[in-house]
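Student: Quick one, upload_23.pdb (PDB, C-alpha atoms and all ligand atoms):
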ATOM      1  CA  MET A1416    -239.191 -73.192  11.318  1.00  0.00           C
ATOM      2  CA  SER A1417    -236.670 -74.164   8.659  1.00  0.00           C
ATOM      3  CA  LEU A1418    -234.907 -72.019   6.134  1.00  0.00           C
ATOM      4  CA  PRO A1419    -234.917 -72.925   2.444  1.00  0.00           C
ATOM      5  CA  ILE A1420    -231.583 -74.271   1.213  1.00  0.00           C
ATOM      6  CA  MET A1421    -230.395 -73.509  -2.309  1.00  0.00           C
ATOM      7  CA  GLY A1422    -230.235 -76.538  -4.574  1.00  0.00           C
ATOM      8  CA  VAL A1423    -232.634 -78.671  -2.587  1.00  0.00           C
ATOM      9  CA  PRO A1424    -235.748 -79.430  -4.604  1.00  0.00           C
ATOM     10  CA  ASP A1425    -238.940 -78.094  -3.172  1.00  0.00           C
ATOM     11  CA  LYS A1426    -241.416 -80.863  -2.501  1.00  0.00           C
ATOM     12  CA  LYS A1427    -244.267 -78.502  -3.146  1.00  0.00           C
ATOM     13  CA  ARG A1428    -242.928 -77.593  -6.573  1.00  0.00           C
ATOM     14  CA  LYS A1429    -245.412 -75.523  -8.499  1.00  0.00           C
ATOM     15  CA  LYS A1430    -246.459 -76.463 -11.974  1.00  0.00           C
ATOM     16  CA  LEU A1431    -245.566 -74.013 -14.679  1.00  0.00           C
ATOM     17  CA  THR A1432    -246.994 -73.404 -18.094  1.00  0.00           C
ATOM     18  CA  VAL A1433    -244.384 -72.090 -20.484  1.00  0.00           C
ATOM     19  CA  TYR A1434    -245.317 -69.297 -22.856  1.00  0.00           C
ATOM     20  CA  THR A1435    -243.544 -67.823 -25.849  1.00  0.00           C
ATOM     21  CA  ILE A1436    -243.775 -64.165 -26.829  1.00  0.00           C
ATOM     22  CA  GLU A1437    -243.279 -63.504 -30.541  1.00  0.00           C
ATOM     23  CA  GLU A1438    -242.659 -59.988 -31.724  1.00  0.00           C
ATOM     24  CA  CYS A1439    -242.306 -58.383 -35.153  1.00  0.00           C
ATOM     25  CA  ILE A1440    -238.907 -56.648 -35.294  1.00  0.00           C
ATOM     26  CA  ASN A1441    -240.457 -53.662 -37.029  1.00  0.00           C
ATOM     27  CA  CYS A1442    -243.907 -52.998 -35.573  1.00  0.00           C
ATOM     28  CA  LYS A1443    -243.112 -54.655 -32.218  1.00  0.00           C
ATOM     29  CA  LYS A1444    -246.496 -56.265 -32.029  1.00  0.00           C
ATOM     30  CA  PRO A1445    -246.217 -58.988 -29.381  1.00  0.00           C
ATOM     31  CA  THR A1446    -248.098 -62.263 -29.633  1.00  0.00           C
ATOM     32  CA  LYS A1447    -248.376 -64.615 -26.700  1.00  0.00           C
ATOM     33  CA  ARG A1448    -248.785 -68.335 -27.280  1.00  0.00           C
ATOM     34  CA  GLU A1449    -247.927 -71.593 -25.594  1.00  0.00           C
ATOM     35  CA  PHE A1450    -244.337 -72.767 -25.861  1.00  0.00           C
ATOM     36  CA  LYS A1451    -243.611 -75.316 -28.581  1.00  0.00           C
ATOM     37  CA  ASP A1452    -240.635 -77.649 -28.947  1.00  0.00           C
ATOM     38  CA  GLY A1453    -237.767 -75.916 -30.707  1.00  0.00           C
ATOM     39  CA  ASP A1454    -238.650 -72.424 -29.547  1.00  0.00           C
ATOM     40  CA  LEU A1455    -235.609 -70.339 -28.689  1.00  0.00           C
ATOM     41  CA  VAL A1456    -235.229 -66.698 -27.739  1.00  0.00           C
ATOM     42  CA  HIS A1457    -234.187 -64.636 -30.796  1.00  0.00           C
ATOM     43  CA  LYS A1458    -235.270 -67.380 -33.215  1.00  0.00           C
ATOM     44  CA  ILE A1459    -236.665 -65.960 -36.439  1.00  0.00           C
ATOM     45  CA  LEU A1460    -240.135 -67.134 -37.367  1.00  0.00           C
ATOM     46  CA  ASP A1461    -242.525 -66.177 -40.153  1.00  0.00           C
ATOM     47  CA  LYS A1462    -242.857 -62.827 -41.832  1.00  0.00           C
ATOM     48  CA  CYS A1463    -245.156 -60.245 -40.307  1.00  0.00           C
ATOM     49  CA  LYS A1464    -248.471 -59.996 -42.154  1.00  0.00           C
ATOM     50  CA  ASP A1465    -248.571 -56.235 -41.727  1.00  0.00           C
ATOM     51  CA  CYS A1466    -245.084 -55.087 -42.710  1.00  0.00           C
ATOM     52  CA  ASP A1467    -243.298 -58.187 -44.112  1.00  0.00           C
ATOM     53  CA  ASN A1468    -240.451 -57.945 -41.618  1.00  0.00           C
ATOM     54  CA  ASN A1469    -239.251 -60.895 -39.569  1.00  0.00           C
ATOM     55  CA  ILE A1470    -241.065 -62.058 -36.490  1.00  0.00           C
ATOM     56  CA  MET A1471    -238.687 -63.042 -33.711  1.00  0.00           C
ATOM     57  CA  ILE A1472    -239.171 -64.790 -30.383  1.00  0.00           C
ATOM     58  CA  SER A1473    -238.510 -62.103 -27.804  1.00  0.00           C
ATOM     59  CA  LEU A1474    -239.275 -63.920 -24.571  1.00  0.00           C
ATOM     60  CA  ILE A1475    -239.913 -67.369 -23.162  1.00  0.00           C
ATOM     61  CA  TYR A1476    -241.215 -67.586 -19.627  1.00  0.00           C
ATOM     62  CA  GLY A1477    -243.115 -69.795 -17.229  1.00  0.00           C
ATOM     63  CA  GLU A1478    -246.351 -68.901 -15.545  1.00  0.00           C
ATOM     64  CA  GLU A1479    -247.656 -70.569 -12.451  1.00  0.00           C
ATOM     65  CA  ILE A1480    -250.795 -72.604 -12.785  1.00  0.00           C
ATOM     66  CA  LYS A1481    -253.187 -71.555 -10.096  1.00  0.00           C
ATOM     67  CA  LYS A1482    -255.180 -74.335  -8.524  1.00  0.00           C
ATOM     68  CA  ASN A1483    -258.477 -73.743  -6.868  1.00  0.00           C
TER      69      ASN A1483
HETATM   70 ZN    ZN A1501    -244.723 -56.014 -38.462  1.00  0.00          ZN
END
Could you quickly redo this structure as structure tokens?
Tutor:
Amino acid sequence: MSLPIMGVPDKKRKKLTVYTIEECINCKKPTKREFKDGDLVHKILDKCKDCDNNIMISLIYGEEIKKN
């Protein structure tokens, strides 16, 4: 049995899909979509259709792709 060492790449690296969560700064309605080039946390996007406030990227994260 071997222990994992920090900094050494894992040969069985899992594939990740990156998602972006957009959220209206006023009504806090989150929208999840796939990450696009240029997305940054706290980047201001379009206006909210409901309240006309700014929609901001609140979170960018990776999700594991599960293989069957
Ligand atoms: Zn809104």
Student: What residues of the protein or nucleic acid chains come within 12 Å of ligand ZN 1501 (chain A) when you use all atoms listed in the file? Reply as a PyMOL selection string.
Tutor: chain A and resi 1437-1446+1461-1471
Student: Convert the current residue selection to file output with C-alpha atoms, as a PDB file, in the frame of the given file.
Tutor:
ATOM      1  CA  GLU A1437    -243.279 -63.504 -30.541  1.00  0.00           C
ATOM      2  CA  GLU A1438    -242.659 -59.988 -31.724  1.00  0.00           C
ATOM      3  CA  CYS A1439    -242.306 -58.383 -35.153  1.00  0.00           C
ATOM      4  CA  ILE A1440    -238.907 -56.648 -35.294  1.00  0.00           C
ATOM      5  CA  ASN A1441    -240.457 -53.662 -37.029  1.00  0.00           C
ATOM      6  CA  CYS A1442    -243.907 -52.998 -35.573  1.00  0.00           C
ATOM      7  CA  LYS A1443    -243.112 -54.655 -32.218  1.00  0.00           C
ATOM      8  CA  LYS A1444    -246.496 -56.265 -32.029  1.00  0.00           C
ATOM      9  CA  PRO A1445    -246.217 -58.988 -29.381  1.00  0.00           C
ATOM     10  CA  THR A1446    -248.098 -62.263 -29.633  1.00  0.00           C
ATOM     11  CA  ASP A1461    -242.525 -66.177 -40.153  1.00  0.00           C
ATOM     12  CA  LYS A1462    -242.857 -62.827 -41.832  1.00  0.00           C
ATOM     13  CA  CYS A1463    -245.156 -60.245 -40.307  1.00  0.00           C
ATOM     14  CA  LYS A1464    -248.471 -59.996 -42.154  1.00  0.00           C
ATOM     15  CA  ASP A1465    -248.571 -56.235 -41.727  1.00  0.00           C
ATOM     16  CA  CYS A1466    -245.084 -55.087 -42.710  1.00  0.00           C
ATOM     17  CA  ASP A1467    -243.298 -58.187 -44.112  1.00  0.00           C
ATOM     18  CA  ASN A1468    -240.451 -57.945 -41.618  1.00  0.00           C
ATOM     19  CA  ASN A1469    -239.251 -60.895 -39.569  1.00  0.00           C
ATOM     20  CA  ILE A1470    -241.065 -62.058 -36.490  1.00  0.00           C
ATOM     21  CA  MET A1471    -238.687 -63.042 -33.711  1.00  0.00           C
TER      22      MET A1471
END
Student: As a check of understanding, name the residues that the PyMOL selection byres (((chain A and resi 1475) around 12) and not hetatm) selects in the supplied structure, as a list in words.
Tutor: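 Taken on the displayed file, the PyMOL selection byres (((chain A and resi 1475) around 12) and not hetatm) yields the residues Thr1432, Val1433, Tyr1434, Thr1435, Ile1436, Glu1437, Glu1438, Thr1446, Lys1447, Arg1448, Glu1449, Phe1450, Lys1451, Asp1452, Gly1453, Asp1454, Leu1455, Val1456, His1457, Lys1458, Met1471, Ile1472, Ser1473, Leu1474, Tyr1476, Gly1477 and Glu1478 of chain A.
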Student: Need to verify the contact set: A:Lys1429, 9 Å, all atoms listed in the file, exclusion of same-chain residues closer than 5 positions in sequence. Can you return it as number ranges by chain?
Tutor: A: 1479-1481
